[in-house]
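So the structure is just underneath, and the comments pick up after that.
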Amino acid sequence: MSARADRRNASRRWIRRFLVPLAWLAILACAPRGAQAAANQYCSGDNLAVGANWTVCWEIRANEGLSISHAFYTNPSTGFDRRVLADATVAQVFVPYEVGSPRYHDVAYGLGPAMQTLNTRDDCPHGNLLANNRVCREIEDRGLAQRFCLEGSCAVRRGKALVLWASLQTGAYNYIQTWSFHDDGTIEPALGLTGALQFGPTAHTHNVYWRMDFDIDDPANDRVEEFTRLPKAGSQGLAGVSTWSPLLGETFRPHELFTFRKWRVADTQKKNAQGKRWGYEIMASTGDGSLRTNPSEGFSKGEFWVTRARSSERFVSTDTKDLLSTYLDGEPIDGQDVVVWVVGHAYHEVRSEDAPYMPIEWMRFEARPRDFFDANPLP
Ligand SMILES: [Cu+2]
């Protein structure tokens with residue numbers, strides 16, 4: 001063993017023996033007791049992140065990089081503690097260039113080893129660096145969250161978010177892989193594109209696939225539904241009729257702007273005080289495009305996919321294989337444990353301002369509570 005590895009091991013032993021128990025004690029002392037009751041069955045120590053009404057387990061995976069392994073919405077003041085996510089990852093970042101090649105499948109090459117070292121001063125000044133400085137955990141001020149002012153009487157609230165993020169070196173690019181958990185229950189996965197251009201001015205698309213295993217309270221009894229809003233004929237766009245229709249089998253769906261298409265994952269058994277099913281809805285990013293390539297890249301057929309939850313079905317593609325569309329094998333999904341795959345597309349038409357370093361362009365979506373609470377959980 002080299003001296004360097006020896007030193008690293010010794011310091012790891014020291015961290016395990018002394019720092020980890022100390023950090024654990026500090027977490028236990030600071031966090032409200034009930035707040036992590038559920039999540040700490042799944043993780044502990046640095047891998048348990050607490051704040052902004054969330055307790056979240058995270059880990060680093062070889063292919064998916066910074067991954068969420070459980071997330072519970074927890075309100076310490078009321079004792080509320082309910083599971084939302086079992087697992088959430090970036091399952092692919094597919095980047096084909098307009099000239100036909102290259103066609104990168106970044107998750108297949110491994111986002112874990114691509115994670116860069118962050119520094120306190122510039123990257124994580126208000127948070128904690130974890131995992132040998134490769135993960136920043138922080139509580140962010142997310143600005144004005146809600147406001148109600150009437151006749152001089154005001155209730156104004158600023159929001160917070162528990163944020164975990166990492167920076168990945170993929171060629172000349174840096175991808176900022178971020179998971180934000182807002183104190184109002186919204187989850188915002190994001191991928192920031194920055195660094196330097198790989199091939200100068202050649203246009204290309206970034207197609208990111210998030211794999212989300214929602215477990216609303218429990219793994220079973222999931223129902224996935226699609227929202228459609230159609231205006232009545234002759235109503236000049238008004239008198240819209242809204243429907244939520246269940247998706248009964250494994251399938252893929254495209255974006256549809258004209259009908260305000262969105263999706264939700266609800267629990268078939270649990271209902272809130274209004275008699276509505278607990279759920280989370282997926283809001284596509286506005287301004288997102290679509291990309292359809294060729295039959296051998298079947299994963300490019302849609303922006304929203306739903307499959308039965310299988311731990312063997314984690315990835316979208318490799319350099320030579322389409323995987324995602326092969327997961328659609330006719331399994332029923334209604335009332336089962338399901339996984340949804342959410343796809344974002346960014347067309348990168350290079351601009352002068354992308355050099356020498358690119359201002360971060362964010363790809364993101366929101367998963368937000370729909371009838372998961374009885375009312376707005378922020379007082
Ligand atoms: Cu780009």
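Chain labels A, B, ... are given in the sequence in which chains occur in the structure tokens; within each chain residues are numbered consecutively from 1, and ligands are likewise numbered from 1 in the order shown.
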
| message | Residues contacting ligand 1 - anything with an atom at most 12 Å away, using only C-alpha atoms and all ligand atoms - can you give me those as a ChimeraX atom specification? | response | /A:93-98,104,170-175,191-208,345-351,354-355,357-363

| Contacts of Tyr280 of chain A at 10 Å or less, counting only C-alpha atoms, minus same-chain residues fewer than 5 places along, as a PyMOL selection string? | chain A and resi 84+185-187+214-216+224+263-267+366-372

| request: Pick out each residue of segment 94-281 of chain A that DSSP on the backbone tags as strand (DSSP E or B); I need them as a VMD selection string. | output: chain A and resid 94 to 97 103 to 105 115 128 to 130 135 to 150 153 to 170 173 to 182 187 to 195 204 to 214 222 to 230 241 to 246 249 251 to 253 262 to 271 277 to 281

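Excluding segment 136-148 of chain A and any residue on its chain fewer than 2 positions from it, the residues at most 6 Å away by only C-alpha atoms are Cys124, Gly127, Asn128, Leu129, Cys154, Ala155, Val156, Arg157, Arg158, Gly159, Lys160, Ala161, Leu162, Val163, Leu164 and Trp165 of chain A.
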
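Nearest-residue note for Glu281 of chain A: choosing from A:Ala233, A:Leu257, A:Ile333, A:Met212, the minimum distance belongs to A:Met212, counting only C-alpha atoms.
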
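Going from atom CA of Trp305 of chain A over to atom CA of Val342 of chain A, you cover 6.7 Å.
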